[in-house]
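Contents: one structure, followed by commentary.
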Amino acid sequence: MPGGSPKRFVDTNVLLYAYDLESPKKRAQARRIVEQGWESLGESAISVQVLQELQVNLEKRKVSRGEVHQLIYDLSIWPVVDNTLMILKMALNEQVRWQLSFWDAMILAAARSCGASELISEDFSHGQNYDGVLVVNPFG
């Protein structure tokens, strides 16, 4: 990543909670994380997979397509890890080594590839250290 490695990688679920009207506590915490990402540009990373999942899930929640597209364009200012063959191969190794689902392994591989030391997610076990990538569940 240009300018050094991001400190944290933000998973899709955290971004989705920023738009969740049914979970006000999680929404507030998710919005703080997103604001932190904006205030310290370059310290929070996402991946193309995160943007893809965000688009699909927000449209399912009836967020307008225009609003979703604008959010994706806005978030693409953050460091974004591309889906590449290298990430896929890393994910296959992570999947076997840590017994993860394929999609979770892709998230972990993306976090590792950009040099993030924290993975901010609700979908992994809080406190789990994947050889230098520490899971932080901001809601737990």
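As shown in the structure tokens, the chain order sets the letters A, B, ...; within each chain, residues go from 1, and ligands are also counted from 1 in the order they appear.
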Checklist entry - Counting only C-alpha atoms, what is within 9 Å of Ser113 of chain A, bar same-chain residues fewer than 2 positions away, as a ChimeraX atom specification? => result /A:81,87,90,108-111,115-116
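DSSP, applied to the backbone of this structure, assigns strand (DSSP E) to the following residues of segment 23-129 of chain A: Ser44, Ala45, Ile46, Ser47, Val80, Val81, Glu118, Leu119 and Ile120 of chain A.
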Output C-alpha atoms of each residue in that selection to a file, as an mmCIF file, in the first residue's frame.
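Produced file out.cif, reproduced below:
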data_model
loop_
_atom_site.group_PDB
_atom_site.id
_atom_site.type_symbol
_atom_site.label_atom_id
_atom_site.label_comp_id
_atom_site.auth_asym_id
_atom_site.auth_seq_id
_atom_site.Cartn_x
_atom_site.Cartn_y
_atom_site.Cartn_z
ATOM 1 C CA SER A 44 -8.178 1.570 7.621
ATOM 2 C CA ALA A 45 -8.293 -0.699 4.586
ATOM 3 C CA ILE A 46 -11.019 -2.645 2.820
ATOM 4 C CA SER A 47 -11.055 -4.939 -0.198
ATOM 5 C CA VAL A 80 -8.507 -1.092 -1.254
ATOM 6 C CA VAL A 81 -7.059 -4.576 -1.694
ATOM 7 C CA GLU A 118 -6.036 -5.769 13.095
ATOM 8 C CA LEU A 119 -9.080 -7.269 11.429
ATOM 9 C CA ILE A 120 -12.199 -5.411 12.583
#
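Here atom CA of Val56 of chain A stands at a distance of 25.7 Å from atom CA of His126 of chain A.
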DSSP helix (DSSP H, G or I) selection over segment 13-103 of chain A, as a CSV table (one decimal) with C-alpha atoms, in the first residue's frame:
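Contents of the output file out39.csv:
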chain,number,residue,atom,x,y,z
A,13,ASN,CA,-20.3,-6.5,8.5
A,14,VAL,CA,-18.9,-3.4,10.3
A,15,LEU,CA,-19.8,-1.2,7.3
A,16,LEU,CA,-23.2,-2.7,7.1
A,17,TYR,CA,-24.0,-1.9,10.7
A,24,PRO,CA,-28.7,1.5,17.3
A,25,LYS,CA,-25.7,0.5,19.6
A,26,LYS,CA,-24.0,-1.4,16.8
A,27,ARG,CA,-24.8,1.4,14.3
A,28,ALA,CA,-23.2,4.0,16.6
A,29,GLN,CA,-20.1,1.9,17.1
A,30,ALA,CA,-19.8,1.1,13.4
A,31,ARG,CA,-20.2,4.8,12.5
A,32,ARG,CA,-17.3,5.6,14.9
A,33,ILE,CA,-15.1,3.1,13.1
A,34,VAL,CA,-16.0,4.5,9.7
A,35,GLU,CA,-15.4,8.1,10.9
A,36,GLN,CA,-12.0,6.9,12.3
A,37,GLY,CA,-11.3,5.6,8.8
A,38,TRP,CA,-12.1,9.0,7.3
A,39,GLU,CA,-10.2,11.0,9.9
A,48,VAL,CA,-12.9,-5.2,-3.5
A,49,GLN,CA,-14.7,-8.2,-1.9
A,50,VAL,CA,-15.9,-5.9,1.0
A,51,LEU,CA,-17.2,-3.3,-1.5
A,52,GLN,CA,-19.0,-6.1,-3.5
A,53,GLU,CA,-20.6,-7.5,-0.4
A,54,LEU,CA,-21.6,-4.0,0.7
A,55,GLN,CA,-23.3,-3.3,-2.6
A,56,VAL,CA,-25.3,-6.5,-2.6
A,57,ASN,CA,-26.4,-6.3,1.0
A,58,LEU,CA,-27.3,-2.6,1.0
A,59,GLU,CA,-29.4,-3.0,-2.1
A,60,LYS,CA,-31.2,-5.9,-0.3
A,65,ARG,CA,-28.7,2.2,-5.9
A,66,GLY,CA,-27.4,5.8,-6.3
A,67,GLU,CA,-26.6,6.1,-2.6
A,68,VAL,CA,-24.9,2.7,-2.6
A,69,HIS,CA,-22.8,3.6,-5.6
A,70,GLN,CA,-21.8,6.9,-4.1
A,71,LEU,CA,-20.8,5.1,-0.9
A,72,ILE,CA,-18.6,2.7,-2.8
A,73,TYR,CA,-17.0,5.5,-4.7
A,74,ASP,CA,-16.4,7.4,-1.4
A,75,LEU,CA,-14.9,4.3,0.4
A,85,LEU,CA,-4.8,-14.6,-8.0
A,86,MET,CA,-2.3,-14.1,-5.2
A,87,ILE,CA,-5.1,-13.3,-2.7
A,88,LEU,CA,-7.0,-16.3,-3.8
A,89,LYS,CA,-4.0,-18.6,-3.3
A,90,MET,CA,-3.3,-17.0,0.1
A,91,ALA,CA,-7.0,-17.6,1.0
A,92,LEU,CA,-6.9,-21.2,0.1
A,93,ASN,CA,-4.0,-21.7,2.4
A,94,GLU,CA,-5.7,-19.7,5.2
A,95,GLN,CA,-8.9,-21.7,4.7
A,96,VAL,CA,-7.0,-25.0,5.3
A,97,ARG,CA,-4.7,-23.8,8.0
A,98,TRP,CA,-7.4,-22.0,10.1
A,102,PHE,CA,-13.8,-19.5,1.8
A,103,TRP,CA,-15.1,-16.0,2.1
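For the set A:Met106, A:Ala18, A:Leu134, A:Val10, the residue with the smallest atom-to-atom gap to Thr84 of chain A is A:Met106, counting only C-alpha atoms.
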